[in-house]
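Below is one structure, written out as structure tokens; comments come after it.
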Amino acid sequence: MIGRPSKDEFYPSQNITSIFHYWVVRDPGRHCLIFPASHGKPGKPRYLTITYGQLAAAAWTLSAKLSRAGVVRGDRVLLLQPLSPDLFQALIAVIQIGAVAVLVNPFSSLGQVGEAARHTAARVMIGGWKAQFARQFSRPLRALPHSIWSRPNWRNLAPATPSSAGEIATMDAGDLAMISFTSGTTGSSKAIHRTHGHMNTQGDILSKALPRAEGDIDLPFLPNFAINNMGEGVPTVFPAIGRGRKVTLDPALILRQIVECQVRTLGGSPSYLESLADHCQTGGCTVETVRGIICGGAAVSAALLTKLECVFPAAKGNIKVLYGATEADPISFLNSEEITTEMKSAMISGAGYCVGNPIADIEVTRAPGTDDNITVMGRTYVRGEIVVSGPHVVGNRGSMDDANQFSTGDAGYLDEHGRLWLLGRMANRINVQGRNIDSFQVEPVIESLEYVRRCALLKHNDDVVLAVELRTKNQGGAEEQTRWKASIEQVCFAANIPVDRVTIVDRIPVDSQHRAKIQYDQLRKSLR
């Protein structure tokens, strides 16, 4: 049997690490984390496979160091580990003794890291040699009373035994477990406070929505999926991608990992999955072993879902679009088999992106004062800023409040079937002669053209500008570009899209984490 156990099957404490230790006790030799040792390098990757028992042993050793440093229940501990086994060791070590793990985005600057330390009143820093070196140049980090460098010998680490394990701190549902910081791709970086109860509830919801099967091995492009896998008893294979200031992806290497590690499920942003699917289609190959895919983190087109069904035929009917936010994840799911021809037509005709029915545990409403009518395919709906509430939702202040209500900043509406449709960020909405236009009313229409890779609608110097990135690498000659621009202008006219100017750009900037969310402010600065 695999999957998230019920709460009465493991420890009575709300401590979120109890579910990890359930698997340590039940099956310490079960594979937990599988890391490529040659991260992002060409050639056949070697793997470092860590069992639940080994990870538990390393975590208890680090917990003992934290206790000797004076860390007690409720203390904030700043984790500055790269994506590695050391990060998960530190995460478990901190939370299992009742302290609070502080996680910063891996793309944060040193100044942002220092601000995180100040904001959370962290007492201890755990980090590798790079973090220890960087500490010399940050006053807030130097001010921390303790700094710990933990680097286990993972290949020769003996698994935990009852005698080597400590006592898991008994926590209440409202006790804080983790503080993480958003990437800031849609605004300022925010601190998100997660309680033990919040994380347990979120895990239960994901487990019901995404049932696991014995033998599943998951390869997630976004590391937060690994935390949920650890509670499900599902081994996580980490993709061999470069994770410097710019994420690099070699789809041929990822495909090799899927085959070698017998991966059965995938999860990631549309950009990562599309790169993998394009590589497979170019090479004329399909992957028969993958039975399920989760796609989220950015808008997902119907065309991409069709492409994934072709490349991963065994996953047909089990490809899910996940919509959520750091503060509320998940909000809704859409299964690829639910998408009808009418829905596909609507998505490329200005209806936005369908993300399915909200999950049973969440309520979707609109923020007051944001209501506006939108007519789609002959039907009129009321759109507005999406507001969600539910037991796993973190409030607007970044902490669990009584209302458990979060304003997403996304515009959208519910159709007559109760399905949620996204129209883009409220901040990107433009007004033309009293008419509100959201970005997803326009961008999917243009991106349905075979020669367009990505586009962005924005206001620039009082003009409505449509920036277009073409699929061809050389972007075509001047004459060909003129022809393409004229074609795009005709599409805009036919779709009643009031564009003052169409401009072809070399690249539309996207976020570093998902490689899919358009950086409108950065794009605006690059336009002449």
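In the structure tokens, each chain is lettered A, B, ... as it comes, each chain's residues begin at 1, and ligands are numbered from 1 in order of appearance.
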- Could you pull the residues within 10 Å of region 122-131 of chain A, counting only C-alpha atoms, minus those fewer than 6 positions along the same chain, as a PyMOL selection string? chain A and resi 62+66+69-71+75-82+86-87+90-91+94+100-102+110+116+140-151
- Task: List the neighbours of Glu274 (chain A) out to 9 Å using only C-alpha atoms; skip same-chain residues closer than 3 positions along the sequence, and give me the result as a list in words.
- Result: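 That gives Ser269, Pro270, Ser271, Ala277, Asp278, His279, Leu304, Lys307 and Leu308 of chain A.
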- Task: Please provide the set of residues having any atom within 10 Å of region 449-460 of chain A, restricted to only C-alpha atoms, with same-chain residues fewer than 6 positions apart removed, written as JSON, numbers by chain.
- Result: {"A": [348, 428, 429, 430, 431, 432, 437, 438, 439, 440, 441, 442, 443, 466, 467, 468, 469, 470, 471, 472, 475, 484, 487, 488, 491, 499, 500, 501, 502, 503, 504, 505, 507, 508, 509, 516, 518, 519, 520, 521, 523, 524, 525, 527, 528]}
Prev. selection, C-alpha atoms, output as a compact mmCIF listing (two decimals), in the first residue's frame:
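Now in part.txt:
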```
# COMPACT_ATOMS: atom_id res chain seq x y z
CA ILE A 348 -8.16 30.54 -28.42
CA ASN A 428 -1.86 43.56 -16.24
CA ARG A 429 -5.41 44.57 -17.14
CA ILE A 430 -5.58 47.49 -19.56
CA ASN A 431 -8.46 49.84 -20.25
CA VAL A 432 -9.18 51.07 -23.77
CA ILE A 437 -9.09 43.87 -21.52
CA ASP A 438 -7.27 41.10 -19.67
CA SER A 439 -4.08 39.56 -21.00
CA PHE A 440 -5.48 36.03 -21.42
CA GLN A 441 -8.27 37.39 -23.61
CA VAL A 442 -5.58 38.23 -26.16
CA GLU A 443 -2.38 36.24 -25.69
CA LEU A 466 1.48 43.50 -28.53
CA ALA A 467 5.03 42.13 -28.18
CA VAL A 468 5.60 38.89 -30.08
CA GLU A 469 8.39 36.32 -29.82
CA LEU A 470 8.55 34.05 -32.86
CA ARG A 471 9.24 30.32 -32.85
CA THR A 472 11.93 30.49 -35.57
CA GLN A 475 13.18 35.42 -36.40
CA TRP A 484 3.96 38.04 -40.06
CA SER A 487 -1.00 38.65 -40.36
CA ILE A 488 -1.04 39.26 -36.60
CA VAL A 491 -6.02 38.50 -36.44
CA VAL A 499 -3.78 47.03 -30.58
CA ASP A 500 -1.93 50.22 -31.54
CA ARG A 501 1.33 48.49 -32.35
CA VAL A 502 2.65 44.99 -32.97
CA THR A 503 6.37 44.62 -32.32
CA ILE A 504 8.54 41.52 -32.78
CA VAL A 505 11.11 41.04 -30.03
CA ARG A 507 12.82 37.34 -26.36
CA ILE A 508 9.95 37.95 -23.98
CA PRO A 509 11.41 37.77 -20.45
CA ALA A 516 6.71 30.66 -18.02
CA ILE A 518 5.95 36.87 -18.30
CA GLN A 519 7.89 39.69 -16.66
CA TYR A 520 5.78 42.59 -17.97
CA ASP A 521 7.72 45.36 -16.19
CA LEU A 523 9.55 43.78 -21.03
CA ARG A 524 8.15 47.31 -20.83
CA LYS A 525 11.61 48.70 -20.02
CA LEU A 527 10.60 48.43 -25.50
CA ARG A 528 11.47 51.58 -27.40
```
- Quick one: pull the distance between CA of Val311 (chain A) and CA of Val259 (chain A), Å, one decimal.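 Computed distance, CA of Val311 (chain A) to CA of Val259 (chain A), equals 13.8 Å.
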- Task: Can you list, as a VMD selection string, all residues belonging to region 369-526 of chain A that DSSP tags as strand (DSSP E or B)?
- Result: chain A and resid 372 to 376 379 to 389 405 to 414 420 to 425 430 to 432 435 to 437 452 to 460 463 to 470 501 to 504 510 518
- Message: According to DSSP computed on the backbone, where in region 56-191 of chain A is there alpha helix (DSSP H)? Give the residues as a VMD selection string.
- Response: chain A and resid 56 to 68 85 to 96 110 to 120 129 to 134 139 to 142
- Message: If I take CA of Gly297 (chain A) and CA of Arg366 (chain A), how far is one from the other in Å, to one decimal?
- Response: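 Distance reported for this atom pair: 21.2 Å.
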- Query: In Å, with one decimal, what is the gap from CA of Thr380 (chain A) to CA of Ala299 (chain A)?
  - Reply: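 For CA of Thr380 (chain A) relative to CA of Ala299 (chain A), the distance reads 22.4 Å.
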- Closest of A:Cys280, A:Ala411, A:Leu210, A:Ile205 to Leu334 (chain A) - atom-to-atom distances counting only C-alpha atoms: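 Result for the nearest residue to Leu334 (chain A): A:Leu210.
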- Which one is closest to Asp250 (chain A): A:Leu273, A:Ala213, A:Thr286, A:Asn404? Count only C-alpha atoms.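 The answer is A:Leu273, which sits nearest to Asp250 (chain A).
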- Looking at A:Tyr381, A:Phe312, A:Tyr272, A:Phe406, which one is nearest to Asp329 (chain A), with distances taken over only C-alpha atoms?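 Answer, going by the shortest atom-to-atom distance: A:Phe406.
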- Message: I'd like the contact shell of Arg30 (chain A) - 8 Å cut-off, only C-alpha atoms, skipping same-chain residues fewer than 6 positions apart - returned as a list in words.
- Response: Thr51, Tyr52, Gly53, Gly233 and Pro235 of chain A
- Just the residues within 10 Å of Ile92 (chain A), please, counting only C-alpha atoms, with nothing from its chain fewer than 4 positions along; format it as a list in words. Ile16, Thr17, Ser18, Phe20, His21, Leu55, Ala56, Ala58, Ala59, Trp60, Leu62, Ser63, Leu87, Phe88, Gln96, Ile97 and Ala101 of chain A
- Exercise: Leu33 (chain A) partners within 8 Å, only C-alpha atoms, chain neighbours under 3 positions left out, as a ChimeraX atom specification: /A:49-51,85,235-238
Store the residues of this selection in a file with C-alpha atoms, as a compact mmCIF listing (two decimals), in the first residue's frame.
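Saved result, selection_28.txt, follows:
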```
# COMPACT_ATOMS: atom_id res chain seq x y z
CA THR A 49 19.95 7.41 -3.73
CA ILE A 50 18.93 8.16 -0.14
CA THR A 51 16.53 6.01 1.85
CA PRO A 85 19.88 16.14 0.15
CA PRO A 235 10.53 8.23 -4.32
CA THR A 236 11.49 11.56 -5.90
CA VAL A 237 13.94 11.73 -8.80
CA PHE A 238 15.36 15.23 -9.17
```
- If we count only C-alpha atoms, what is near Asn15 (chain A) at a cut-off of 10 Å, once residues fewer than 6 positions away on the same chain are taken out, given as a list in words?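 What passes the distance filter is Ile95, Gln96, Ile97, Gly98, Ile168, Ala169, Thr170, Met171, Asp172, Ala173, Asp175, Leu176, Ala177, Thr195, His196, Gly197, Met199 and Asn200 of chain A.
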Keeping only C-alpha atoms, write the selected residues to a file as a PDB file, in the first residue's frame.
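As written to disk, out33.pdb reads:
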```
ATOM      1  CA  ILE A  95      10.833  21.094  12.176  1.00  0.00           C
ATOM      2  CA  GLN A  96      10.946  17.783  14.071  1.00  0.00           C
ATOM      3  CA  ILE A  97      12.291  19.536  17.211  1.00  0.00           C
ATOM      4  CA  GLY A  98       9.598  22.217  17.050  1.00  0.00           C
ATOM      5  CA  ILE A 168       9.586  14.407  17.815  1.00  0.00           C
ATOM      6  CA  ALA A 169       8.222  17.592  19.327  1.00  0.00           C
ATOM      7  CA  THR A 170       4.487  17.490  19.987  1.00  0.00           C
ATOM      8  CA  MET A 171       2.898  20.392  18.114  1.00  0.00           C
ATOM      9  CA  ASP A 172      -0.583  21.860  17.830  1.00  0.00           C
ATOM     10  CA  ALA A 173      -2.259  22.568  14.499  1.00  0.00           C
ATOM     11  CA  ASP A 175       1.964  26.114  15.677  1.00  0.00           C
ATOM     12  CA  LEU A 176       4.244  27.514  12.992  1.00  0.00           C
ATOM     13  CA  ALA A 177       6.297  24.996  10.983  1.00  0.00           C
ATOM     14  CA  THR A 195       1.456  26.046  10.370  1.00  0.00           C
ATOM     15  CA  HIS A 196       1.647  22.321  11.003  1.00  0.00           C
ATOM     16  CA  GLY A 197      -2.120  22.102  10.618  1.00  0.00           C
ATOM     17  CA  MET A 199       0.662  21.697   5.857  1.00  0.00           C
ATOM     18  CA  ASN A 200      -1.108  18.526   7.031  1.00  0.00           C
TER      19      ASN A 200
END
```
